[in-house]
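Source file query_14.txt; content: compact mmCIF, C-alpha atoms and all ligand atoms.
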# COMPACT_ATOMS: atom_id res chain seq x y z
CA MET A 1 298.49 17.18 34.67
CA SER A 2 299.29 14.00 36.63
CA HIS A 3 296.89 14.48 39.59
CA LEU A 4 294.10 16.83 40.67
CA LEU A 5 294.86 17.46 44.33
CA SER A 6 293.75 21.10 44.70
CA ILE A 7 292.78 24.27 42.87
CA GLU A 8 295.79 25.86 44.57
CA GLN A 9 298.16 23.77 42.44
CA LEU A 10 296.42 24.40 39.11
CA SER A 11 297.43 27.18 36.74
CA ALA A 12 294.94 29.49 35.01
CA ARG A 13 295.81 27.72 31.75
CA GLU A 14 295.01 24.29 33.20
CA ILE A 15 291.69 25.53 34.60
CA HIS A 16 290.69 26.99 31.22
CA GLN A 17 291.72 23.79 29.42
CA LEU A 18 289.65 21.68 31.83
CA LEU A 19 286.62 23.95 31.38
CA ASP A 20 286.90 23.83 27.58
CA CYS A 21 287.16 20.05 27.73
CA ALA A 22 284.16 19.89 30.11
CA LEU A 23 282.04 21.87 27.65
CA ARG A 24 283.06 19.43 24.93
CA MET A 25 282.22 16.45 27.19
CA LYS A 26 278.79 17.92 27.81
CA ARG A 27 278.15 18.51 24.09
CA GLU A 28 279.37 15.05 23.12
CA ARG A 29 277.66 13.12 25.91
CA GLY A 30 276.48 9.77 24.57
CA ALA A 31 278.66 10.09 21.46
CA HIS A 32 282.24 10.43 22.69
CA PRO A 33 284.66 9.81 19.81
CA SER A 34 287.12 7.99 22.11
CA GLN A 35 287.09 5.93 25.30
CA PRO A 36 290.22 7.11 27.16
CA LEU A 37 289.53 4.86 30.18
CA ALA A 38 288.91 1.67 28.16
CA GLY A 39 290.17 -1.36 30.09
CA GLN A 40 290.89 0.71 33.22
CA THR A 41 289.63 0.32 36.79
CA TRP A 42 289.42 3.44 38.97
CA ALA A 43 288.99 3.16 42.74
CA LEU A 44 286.76 5.56 44.65
CA ILE A 45 287.98 5.59 48.27
CA PHE A 46 285.50 7.51 50.42
CA THR A 47 285.70 8.10 54.16
CA LYS A 48 282.88 10.69 54.07
CA SER A 49 279.34 10.49 52.64
CA SER A 50 278.53 11.55 49.12
CA THR A 51 275.69 11.65 46.63
CA ARG A 52 276.84 13.89 43.76
CA THR A 53 280.55 13.10 43.79
CA ARG A 54 280.16 9.35 43.96
CA VAL A 55 277.43 9.12 41.34
CA SER A 56 279.03 11.57 38.91
CA PHE A 57 282.39 9.79 39.09
CA GLU A 58 280.88 6.31 38.72
CA VAL A 59 278.80 7.41 35.72
CA GLY A 60 281.64 9.45 34.21
CA ILE A 61 284.16 6.62 34.45
CA ARG A 62 281.74 4.22 32.74
CA GLU A 63 280.94 6.75 30.00
CA LEU A 64 284.68 7.00 29.28
CA GLY A 65 284.98 3.23 28.98
CA GLY A 66 286.35 2.43 32.45
CA TYR A 67 285.16 0.49 35.49
CA PRO A 68 284.60 2.28 38.83
CA MET A 69 285.25 0.40 42.08
CA PHE A 70 283.66 2.07 45.11
CA LEU A 71 285.42 1.40 48.42
CA SER A 72 284.06 3.00 51.57
CA LYS A 73 286.61 3.09 54.37
CA ASN A 74 284.73 0.31 56.16
CA ASP A 75 284.97 -1.96 53.12
CA ILE A 76 288.75 -1.91 53.25
CA GLN A 77 291.45 -2.22 55.91
CA LEU A 78 291.88 1.58 55.94
CA GLY A 79 288.92 1.55 58.34
CA ARG A 80 290.92 -0.71 60.68
CA GLY A 81 293.86 1.64 60.63
CA GLU A 82 295.99 0.37 57.74
CA PRO A 83 298.10 3.41 56.78
CA ILE A 84 297.20 5.36 53.65
CA ARG A 85 300.70 4.82 52.25
CA ASP A 86 300.28 1.03 52.42
CA THR A 87 296.79 1.21 50.91
CA ALA A 88 298.27 3.38 48.16
CA ARG A 89 301.13 0.96 47.43
CA VAL A 90 298.68 -1.93 47.10
CA LEU A 91 296.10 -0.15 44.95
CA GLY A 92 298.80 1.45 42.81
CA ARG A 93 299.75 -2.03 41.61
CA MET A 94 296.19 -2.99 40.72
CA VAL A 95 294.05 -0.06 39.61
CA HIS A 96 294.70 2.72 37.10
CA GLY A 97 293.57 5.74 39.08
CA ALA A 98 292.05 6.77 42.42
CA ILE A 99 289.47 9.27 43.58
CA ILE A 100 289.65 10.04 47.27
CA ARG A 101 287.24 11.78 49.65
CA THR A 102 288.62 12.14 53.14
CA PHE A 103 289.55 14.53 55.94
CA ALA A 104 293.27 15.34 55.70
CA GLN A 105 294.67 16.86 52.51
CA GLN A 106 297.96 15.16 53.39
CA ASP A 107 296.30 11.75 52.91
CA VAL A 108 295.48 12.60 49.29
CA ILE A 109 299.00 13.94 48.73
CA ASP A 110 300.49 10.78 50.30
CA PHE A 111 298.21 8.52 48.26
CA ALA A 112 299.32 10.21 45.03
CA HIS A 113 302.97 9.90 46.05
CA TYR A 114 302.96 6.28 47.23
CA SER A 115 300.55 4.84 44.65
CA GLY A 116 302.16 6.37 41.55
CA ILE A 117 298.75 6.45 39.83
CA PRO A 118 296.62 9.48 38.86
CA THR A 119 294.85 10.68 42.02
CA ILE A 120 291.88 13.03 42.32
CA ASN A 121 290.82 14.94 45.43
CA ALA A 122 287.06 14.35 45.73
CA LEU A 123 286.91 16.64 48.83
CA THR A 124 289.14 17.05 51.83
CA ASP A 125 288.94 19.46 54.74
CA ASP A 126 291.15 21.83 52.71
CA GLU A 127 289.71 21.81 49.21
CA HIS A 128 286.94 20.60 46.89
CA PRO A 129 288.52 21.14 43.46
CA CYS A 130 286.02 19.07 41.45
CA GLN A 131 283.14 21.16 42.78
CA ILE A 132 284.81 24.45 41.87
CA LEU A 133 285.39 23.27 38.30
CA ALA A 134 281.67 22.49 38.02
CA ASP A 135 280.81 25.88 39.55
CA LEU A 136 283.07 27.71 37.08
CA LEU A 137 281.54 25.72 34.22
CA THR A 138 278.05 26.78 35.33
CA ILE A 139 279.12 30.44 35.46
CA MET A 140 280.66 30.16 31.98
CA GLU A 141 277.45 28.72 30.61
CA ARG A 142 275.13 31.17 32.34
CA LEU A 143 277.20 34.38 32.31
CA HIS A 144 279.60 33.62 29.43
CA GLY A 145 282.71 33.92 31.57
CA LEU A 146 284.04 35.63 34.65
CA ASP A 147 285.64 38.73 33.13
CA GLY A 148 284.38 41.79 35.01
CA ARG A 149 282.24 39.66 37.30
CA LYS A 150 282.04 39.83 41.07
CA VAL A 151 281.55 36.60 43.03
CA ALA A 152 280.36 36.67 46.65
CA PHE A 153 280.73 33.75 49.04
CA ILE A 154 278.47 33.99 52.09
CA GLY A 155 279.08 31.57 54.97
CA ASP A 156 282.06 29.69 56.35
CA GLY A 157 285.04 31.71 55.15
CA PHE A 158 287.60 28.96 55.65
CA SER A 159 285.81 25.79 54.56
CA ASN A 160 287.06 23.52 51.77
CA MET A 161 284.69 25.28 49.34
CA THR A 162 285.82 28.77 50.29
CA ARG A 163 289.48 27.84 50.10
CA SER A 164 289.02 26.44 46.61
CA TRP A 165 287.14 29.61 45.60
CA LEU A 166 289.93 31.76 47.04
CA TRP A 167 292.53 29.93 44.95
CA ALA A 168 290.30 30.11 41.86
CA ALA A 169 290.05 33.90 42.31
CA LYS A 170 293.82 34.12 42.73
CA HIS A 171 294.47 32.21 39.50
CA LEU A 172 291.68 33.66 37.35
CA GLY A 173 291.68 37.24 38.67
CA PHE A 174 287.95 37.78 39.19
CA GLU A 175 286.69 39.85 42.15
CA LEU A 176 285.78 37.63 45.12
CA SER A 177 284.22 38.93 48.31
CA VAL A 178 283.87 36.49 51.21
CA ALA A 179 281.43 37.34 54.00
CA ALA A 180 281.97 35.23 57.11
CA PRO A 181 281.65 35.68 60.86
CA ALA A 182 284.94 36.89 62.36
CA ALA A 183 285.66 33.47 63.89
CA CYS A 184 285.23 31.74 60.50
CA GLN A 185 287.39 33.96 58.30
CA PRO A 186 290.62 32.87 56.60
CA PRO A 187 293.58 33.48 58.92
CA ALA A 188 296.13 36.19 58.12
CA GLU A 189 298.86 33.65 57.22
CA PHE A 190 296.59 32.06 54.62
CA LEU A 191 295.69 35.44 53.11
CA ALA A 192 299.36 36.44 53.03
CA LYS A 193 300.17 33.21 51.15
CA LEU A 194 297.19 33.76 48.82
CA ASN A 195 298.34 37.34 48.12
CA ALA A 196 295.30 38.18 45.99
CA PRO A 197 294.38 41.89 45.87
CA ASN A 198 291.14 40.95 44.06
CA VAL A 199 289.87 39.15 47.23
CA THR A 200 288.14 40.95 50.09
CA ILE A 201 286.98 39.52 53.40
CA THR A 202 284.16 41.05 55.42
CA ASP A 203 281.75 40.14 58.20
CA ASP A 204 278.93 41.96 56.40
CA PRO A 205 276.96 39.74 53.96
CA ALA A 206 275.27 42.79 52.36
CA GLN A 207 278.67 44.31 51.59
CA ALA A 208 279.87 41.09 49.93
CA ALA A 209 276.61 40.74 47.98
CA GLN A 210 276.68 44.36 46.78
CA GLY A 211 276.78 44.33 42.98
CA ALA A 212 277.70 40.61 42.91
CA HIS A 213 276.92 38.63 39.76
CA VAL A 214 277.24 35.30 41.59
CA ILE A 215 276.13 34.62 45.16
CA ASN A 216 277.54 31.39 46.48
CA THR A 217 277.04 29.56 49.74
CA ASP A 218 277.65 26.21 51.44
CA VAL A 219 276.73 24.48 54.69
CA TRP A 220 277.85 26.19 57.89
CA LEU A 221 279.11 22.94 59.40
CA SER A 222 281.13 20.82 57.01
CA MET A 223 281.38 17.03 57.28
CA GLY A 224 283.19 16.16 60.47
CA GLN A 225 281.99 19.35 62.23
CA GLU A 226 278.38 18.28 62.79
CA ASP A 227 278.70 18.40 66.59
CA GLN A 228 280.14 21.95 66.60
CA THR A 229 276.80 23.53 67.42
CA ALA A 230 278.48 26.60 68.96
CA LYS A 231 280.07 27.36 65.58
CA GLU A 232 276.65 27.36 63.94
CA LEU A 233 275.47 30.12 66.28
CA GLU A 234 278.09 32.46 64.72
CA PHE A 235 276.15 32.49 61.46
CA ALA A 236 273.05 34.45 62.57
CA GLY A 237 272.35 36.92 59.75
CA PHE A 238 274.29 34.94 57.13
CA GLU A 239 271.36 33.23 55.40
CA VAL A 240 271.20 33.77 51.63
CA ASN A 241 267.63 34.99 51.38
CA ALA A 242 265.52 37.41 49.33
CA GLU A 243 266.48 40.32 51.57
CA LEU A 244 270.19 39.74 50.95
CA LEU A 245 269.76 39.30 47.20
CA ILE A 246 268.37 42.86 46.90
CA HIS A 247 272.03 43.94 47.02
CA ALA A 248 273.17 41.66 44.18
CA ALA A 249 273.53 42.73 40.53
CA PRO A 250 270.53 42.32 38.21
CA GLY A 251 270.48 38.84 36.65
CA HIS A 252 272.68 37.38 39.40
CA LEU A 253 273.16 33.65 39.84
CA VAL A 254 272.80 31.81 43.13
CA LEU A 255 275.04 28.76 43.53
CA HIS A 256 275.07 26.06 46.20
CA CYS A 257 277.27 22.97 45.96
CA LEU A 258 274.62 20.93 47.86
CA PRO A 259 273.51 19.31 50.08
CA ALA A 260 271.62 22.37 51.37
CA TYR A 261 270.03 23.09 54.71
CA ARG A 262 267.00 25.23 53.94
CA GLY A 263 266.42 27.87 56.61
CA LYS A 264 270.10 27.88 57.57
CA GLU A 265 272.64 28.96 54.92
CA ILE A 266 269.93 29.44 52.26
CA SER A 267 266.20 30.09 52.43
CA ALA A 268 263.85 27.54 50.87
CA GLU A 269 262.43 30.31 48.71
CA VAL A 270 265.81 31.30 47.23
CA LEU A 271 266.87 27.70 46.69
CA GLU A 272 263.70 26.93 44.73
CA LEU A 273 263.84 30.19 42.78
CA HIS A 274 267.40 29.35 41.67
CA ALA A 275 266.95 25.58 41.41
CA ASP A 276 267.60 25.54 37.65
CA THR A 277 271.08 26.95 38.18
CA ILE A 278 271.82 24.94 41.32
CA PHE A 279 270.91 21.61 39.74
CA GLN A 280 272.72 22.54 36.51
CA GLN A 281 275.71 23.10 38.82
CA ALA A 282 275.19 19.60 40.25
CA GLU A 283 274.93 18.06 36.77
CA ASN A 284 278.11 19.87 35.74
CA ARG A 285 280.04 17.74 38.23
CA LEU A 286 279.73 14.92 35.70
CA HIS A 287 281.05 16.90 32.74
CA ALA A 288 283.83 18.65 34.67
CA GLN A 289 285.07 15.38 36.17
CA LYS A 290 285.03 13.63 32.82
CA ALA A 291 287.34 16.43 31.65
CA VAL A 292 289.61 15.78 34.66
CA LEU A 293 289.64 12.03 34.04
CA THR A 294 290.43 12.58 30.36
CA SER A 295 293.27 14.98 31.11
CA LEU A 296 294.81 12.51 33.58
CA THR A 297 294.97 9.80 30.94
CA GLU A 298 296.59 11.96 28.22
N1 LIG B 301 278.64 18.78 46.40
C1 LIG B 301 279.06 17.54 46.74
O1 LIG B 301 280.26 17.25 46.74
O2 LIG B 301 278.05 16.70 47.02
P1 LIG B 301 278.20 15.23 47.67
O3 LIG B 301 278.71 15.43 49.08
O4 LIG B 301 276.82 14.67 47.62
O5 LIG B 301 279.18 14.43 46.87
N1 LIG B 302 281.83 22.11 52.92
C1 LIG B 302 281.00 20.95 52.71
C2 LIG B 302 280.92 20.62 51.27
C3 LIG B 302 280.00 19.47 50.96
C4 LIG B 302 279.97 19.11 49.52
C5 LIG B 302 281.52 19.79 53.52
O1 LIG B 302 282.74 19.56 53.54
O2 LIG B 302 280.72 19.10 54.15

Re-express the file's structure as structure tokens.
Amino acid sequence: MSHLLSIEQLSAREIHQLLDCALRMKRERGAHPSQPLAGQTWALIFTKSSTRTRVSFEVGIRELGGYPMFLSKNDIQLGRGEPIRDTARVLGRMVHGAIIRTFAQQDVIDFAHYSGIPTINALTDDEHPCQILADLLTIMERLHGLDGRKVAFIGDGFSNMTRSWLWAAKHLGFELSVAAPAACQPPAEFLAKLNAPNVTITDDPAQAAQGAHVINTDVWLSMGQEDQTAKELEFAGFEVNAELLIHAAPGHLVLHCLPAYRGKEISAEVLELHADTIFQQAENRLHAQKAVLTSLTE
């Protein structure tokens, strides 16, 4: 693997290898037998806010022997309009890898192309691959795998999170049911390209949650959409709350990538009841990303 730009571009084999490596990273934390990033500097170029992604990458890079360099868009000339391809050609001659959080997926693709260094998508409008790896790791730990499991996603059916989940279902073959308001469902062209018979789309959260072993949600308005208040109105009835969870399978997990808006996509009661899983999911960002960093240096 030379970059991690999306879940779409990974194979099932690569996903399983990354998850196995992440489990090893977690077990060996504090006692890693090697330092694959020794002597390396990795740039974190962020044009959107972050708590989990920034901290887990900075800590992970250090734990693997490297040095993280955080660059918000306003710290560098990118914020003044210097093109991504020029930024990439400069950084590619100085640092050993880059982790990018931005809006357009094309910017991450262009950065990887023009820089020639390992590039990781730390969230774009299209995908959030690092988060999905952490989510899958959490499911492996809690449910011992995805075979025979049903995952439900309740909320924005075409956000970066949902798209990454859709591609994960395509590659790994588990049943995925997405419940989203009609205006926020994946378009027909996307579903035709996905071509995954194990994926269903509905506007009925109870139907998606029915018999689900994992109930997953995310904010209704992703970063960059905060002023789309009309979109938020579409989500009446889509809160993950105790009433909805009655439909889920016994022993179900509730996942949320965080940050969460209690009383919107998830009730405060459900978030607190499932906090052990949700914060394990957040911690797993560190282990999953250390696996990604390791695989990009092999
Ligand atoms: N889940 C996630 O990516 O969190 P941050 O936005 O805090 O990085
Ligand atoms: N869909 C959310 C994920 C945040 C981690 C967003 O893009 O804001």

Around ligand LIG 301 (chain B), out to 8 Å and counting only C-alpha atoms and all ligand atoms, which residues are there? I want them as a compact mmCIF listing (two decimals) with C-alpha atoms, in the coordinates of the input.
# COMPACT_ATOMS: atom_id res chain seq x y z
CA SER A 49 279.34 10.49 52.64
CA SER A 50 278.53 11.55 49.12
CA THR A 51 275.69 11.65 46.63
CA ARG A 52 276.84 13.89 43.76
CA THR A 53 280.55 13.10 43.79
CA ARG A 54 280.16 9.35 43.96
CA VAL A 55 277.43 9.12 41.34
CA ALA A 122 287.06 14.35 45.73
CA LEU A 123 286.91 16.64 48.83
CA HIS A 128 286.94 20.60 46.89
CA GLN A 131 283.14 21.16 42.78
CA CYS A 257 277.27 22.97 45.96
CA LEU A 258 274.62 20.93 47.86
CA PRO A 259 273.51 19.31 50.08
CA ALA A 282 275.19 19.60 40.25

From the options A:His213, A:His171, A:Arg101, A:His287, which residue's atoms come nearest to ligand LIG 302 (chain B), counting only C-alpha atoms and all ligand atoms? A:Arg101

Can you pull out every residue within 12 Å of Glu298 of chain A, counting all atoms listed in the file, but drop anything in the same chain fewer than 6 positions away, and send it as a PyMOL selection string? chain A and resi 1-3+34-37+118+291-292

At most 12 Å is the cut-off: for each residue in chain A with any atom that close to an atom of ligand LIG 302 (chain B), write down the nearest atom pair and the distance in Å rounded to one decimal, counting only C-alpha atoms and all ligand atoms, chain first then increasing number, as a tab-separated table.
residue	atom	partner	partner_atom	distance
A:Thr47	CA	B:LIG302	O1	11.9
A:Lys48	CA	B:LIG302	O2	8.7
A:Ser49	CA	B:LIG302	O2	8.8
A:Ser50	CA	B:LIG302	C4	7.7
A:Thr51	CA	B:LIG302	C4	9.1
A:Arg52	CA	B:LIG302	C4	8.4
A:Thr53	CA	B:LIG302	C4	8.3
A:Arg54	CA	B:LIG302	C4	11.2
A:Arg101	CA	B:LIG302	O1	9.8
A:Thr102	CA	B:LIG302	O1	9.5
A:Phe103	CA	B:LIG302	O1	8.8
A:Ala104	CA	B:LIG302	O1	11.5
A:Ala122	CA	B:LIG302	C4	9.3
A:Leu123	CA	B:LIG302	O1	6.9
A:Thr124	CA	B:LIG302	O1	7.1
A:Asp125	CA	B:LIG302	O1	6.3
A:Asp126	CA	B:LIG302	O1	8.8
A:Glu127	CA	B:LIG302	O1	8.5
A:His128	CA	B:LIG302	C2	7.4
A:Pro129	CA	B:LIG302	C4	10.7
A:Cys130	CA	B:LIG302	C4	10.1
A:Gln131	CA	B:LIG302	C4	7.7
A:Ile132	CA	B:LIG302	C4	10.5
A:Gly155	CA	B:LIG302	N1	10.1
A:Asp156	CA	B:LIG302	N1	8.3
A:Gly157	CA	B:LIG302	N1	10.4
A:Phe158	CA	B:LIG302	N1	9.4
A:Ser159	CA	B:LIG302	N1	5.7
A:Asn160	CA	B:LIG302	N1	5.5
A:Met161	CA	B:LIG302	N1	5.6
A:Thr162	CA	B:LIG302	N1	8.2
A:Arg163	CA	B:LIG302	N1	10.0
A:Ser164	CA	B:LIG302	N1	10.5
A:Trp165	CA	B:LIG302	N1	11.7
A:Thr217	CA	B:LIG302	N1	9.4
A:Asp218	CA	B:LIG302	N1	6.0
A:Val219	CA	B:LIG302	C1	5.9
A:Trp220	CA	B:LIG302	N1	7.6
A:Leu221	CA	B:LIG302	O2	6.7
A:Ser222	CA	B:LIG302	O2	3.4
A:Met223	CA	B:LIG302	O2	3.8
A:Gly224	CA	B:LIG302	O2	7.4
A:Gln225	CA	B:LIG302	O2	8.2
A:Glu226	CA	B:LIG302	O2	9.0
A:His256	CA	B:LIG302	C4	9.1
A:Cys257	CA	B:LIG302	C4	5.9
A:Leu258	CA	B:LIG302	C4	5.9
A:Pro259	CA	B:LIG302	C4	6.5
A:Ala260	CA	B:LIG302	C3	8.9
A:Tyr261	CA	B:LIG302	C3	11.3
A:Glu265	CA	B:LIG302	N1	11.6
A:Ala282	CA	B:LIG302	C4	10.4
A:Arg285	CA	B:LIG302	C4	11.4

With a distance cut-off of 10 Å and all atoms listed in the file, select the neighbouring residues of His96 of chain A, excluding the residue or stretch itself and same-chain residues fewer than 2 positions from it, and output the selection as a PDB file with C-alpha atoms, keeping the file's coordinate frame.
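After the write, around15.pdb holds the following:
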ATOM      1  CA  LEU A  37     289.530   4.860  30.180  1.00  0.00           C
ATOM      2  CA  GLY A  39     290.170  -1.360  30.090  1.00  0.00           C
ATOM      3  CA  GLN A  40     290.890   0.710  33.220  1.00  0.00           C
ATOM      4  CA  THR A  41     289.630   0.320  36.790  1.00  0.00           C
ATOM      5  CA  TRP A  42     289.420   3.440  38.970  1.00  0.00           C
ATOM      6  CA  ALA A  43     288.990   3.160  42.740  1.00  0.00           C
ATOM      7  CA  GLY A  66     286.350   2.430  32.450  1.00  0.00           C
ATOM      8  CA  TYR A  67     285.160   0.490  35.490  1.00  0.00           C
ATOM      9  CA  LEU A  91     296.100  -0.150  44.950  1.00  0.00           C
ATOM     10  CA  GLY A  92     298.800   1.450  42.810  1.00  0.00           C
ATOM     11  CA  ARG A  93     299.750  -2.030  41.610  1.00  0.00           C
ATOM     12  CA  MET A  94     296.190  -2.990  40.720  1.00  0.00           C
ATOM     13  CA  ALA A  98     292.050   6.770  42.420  1.00  0.00           C
ATOM     14  CA  SER A 115     300.550   4.840  44.650  1.00  0.00           C
ATOM     15  CA  GLY A 116     302.160   6.370  41.550  1.00  0.00           C
ATOM     16  CA  ILE A 117     298.750   6.450  39.830  1.00  0.00           C
ATOM     17  CA  PRO A 118     296.620   9.480  38.860  1.00  0.00           C
ATOM     18  CA  THR A 119     294.850  10.680  42.020  1.00  0.00           C
ATOM     19  CA  THR A 297     294.970   9.800  30.940  1.00  0.00           C
TER      20      THR A 297
END

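Remark: for Ser295 of chain A, the closest of the candidate residues A:Leu64, A:Ile7, A:Leu172, A:Val151 is A:Leu64 (distances computed over all atoms listed in the file).
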
Just the number, please: distance in Å from atom CA of Leu137 of chain A to atom CA of His16 of chain A, one decimal. 9.7 Å

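The residue set within 8 Å of Asn241 of chain A, counting only C-alpha atoms and dropping same-chain residues fewer than 2 places from it, reads Glu239, Glu243, Leu244, Leu245, Ile266, Ser267, Glu269 and Val270 of chain A.
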
Give me the residues within 12 Å of Gly211 of chain A as a compact mmCIF listing (two decimals) with C-alpha atoms, keeping the file's coordinate frame, counting all atoms listed in the file and dropping any in the same chain fewer than 3 places off.
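Now in selection_39.txt:
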# COMPACT_ATOMS: atom_id res chain seq x y z
CA GLY A 148 284.38 41.79 35.01
CA ARG A 149 282.24 39.66 37.30
CA LYS A 150 282.04 39.83 41.07
CA VAL A 151 281.55 36.60 43.03
CA ALA A 152 280.36 36.67 46.65
CA GLU A 175 286.69 39.85 42.15
CA LEU A 176 285.78 37.63 45.12
CA SER A 177 284.22 38.93 48.31
CA PRO A 205 276.96 39.74 53.96
CA ALA A 206 275.27 42.79 52.36
CA GLN A 207 278.67 44.31 51.59
CA ALA A 208 279.87 41.09 49.93
CA VAL A 214 277.24 35.30 41.59
CA ILE A 215 276.13 34.62 45.16
CA LEU A 244 270.19 39.74 50.95
CA LEU A 245 269.76 39.30 47.20
CA ILE A 246 268.37 42.86 46.90
CA HIS A 247 272.03 43.94 47.02
CA ALA A 248 273.17 41.66 44.18
CA ALA A 249 273.53 42.73 40.53
CA PRO A 250 270.53 42.32 38.21
CA GLY A 251 270.48 38.84 36.65
CA HIS A 252 272.68 37.38 39.40
CA LEU A 253 273.16 33.65 39.84

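Here atom CA of Asp203 of chain A stands at a distance of 5.2 Å from atom CA of Pro181 of chain A.
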
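In terms of minimum interatomic distance to Leu78 of chain A, A:Asp107 ranks closest within A:Asp107, A:Glu272, A:Glu58, A:Glu63, counting only C-alpha atoms.
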
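Between Glu283 of chain A and the residues A:Gly79, A:Phe57, A:Glu234, A:Ala134, the shortest atom-to-atom distance, using all atoms listed in the file, involves A:Ala134.
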
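Each of A:Gln210, A:Ser6, A:Thr229, A:Ser56 was checked against Ala288 of chain A using only C-alpha atoms; the smallest atom-to-atom distance is that of A:Ser56.
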
Listed atoms of segment 124-143 of chain A, axis-aligned box, 8 Å per side: centre and edge lengths to one decimal in Å, as lines of an AutoDock Vina configuration file?
center_x = 283.1
center_y = 25.7
center_z = 42.7
size_x = 32.0
size_y = 33.3
size_z = 40.1

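Interatomic distance, atom CA of Lys170 of chain A to atom CA of Lys264 of chain A: 28.7 Å.
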
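Restricting the calculation to all atoms listed in the file, the smallest distance between Thr200 of chain A and any of A:Gln17, A:Gln228, A:Gln105, A:Gln185 is found for A:Gln185.
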
Can you save segment 206-211 of chain A of the given block to a file, including all heavy atoms and formatted as a short mmCIF file (atom, residue, chain, number, x, y, z; two decimals), in the first residue's frame?
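Result written to out15.cif:
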data_model
loop_
_atom_site.label_atom_id
_atom_site.label_comp_id
_atom_site.auth_asym_id
_atom_site.auth_seq_id
_atom_site.Cartn_x
_atom_site.Cartn_y
_atom_site.Cartn_z
N ALA A 206 -36.37 2.40 11.92
CA ALA A 206 -36.71 1.15 12.62
C ALA A 206 -36.40 -0.05 11.72
O ALA A 206 -35.93 -1.09 12.20
CB ALA A 206 -38.18 1.16 13.03
N GLN A 207 -36.65 0.11 10.44
CA GLN A 207 -36.38 -0.99 9.50
C GLN A 207 -34.87 -1.27 9.43
O GLN A 207 -34.44 -2.42 9.45
CB GLN A 207 -36.91 -0.61 8.12
CG GLN A 207 -36.89 -1.76 7.12
CD GLN A 207 -37.31 -1.29 5.73
OE1 GLN A 207 -38.23 -0.47 5.58
NE2 GLN A 207 -36.63 -1.79 4.70
N ALA A 208 -34.08 -0.23 9.38
CA ALA A 208 -32.62 -0.41 9.34
C ALA A 208 -32.13 -1.04 10.64
O ALA A 208 -31.24 -1.90 10.63
CB ALA A 208 -31.92 0.92 9.09
N ALA A 209 -32.70 -0.60 11.75
CA ALA A 209 -32.23 -1.08 13.07
C ALA A 209 -32.69 -2.50 13.37
O ALA A 209 -32.10 -3.17 14.23
CB ALA A 209 -32.74 -0.14 14.16
N GLN A 210 -33.70 -2.97 12.64
CA GLN A 210 -34.29 -4.29 12.93
C GLN A 210 -33.23 -5.40 12.89
O GLN A 210 -32.62 -5.65 11.85
CB GLN A 210 -35.40 -4.58 11.91
CG GLN A 210 -36.22 -5.81 12.22
CD GLN A 210 -36.93 -5.71 13.58
OE1 GLN A 210 -37.52 -4.67 13.91
NE2 GLN A 210 -36.82 -6.76 14.38
N GLY A 211 -33.00 -6.03 14.03
CA GLY A 211 -32.06 -7.15 14.09
C GLY A 211 -30.60 -6.75 13.93
O GLY A 211 -29.74 -7.63 13.77
#
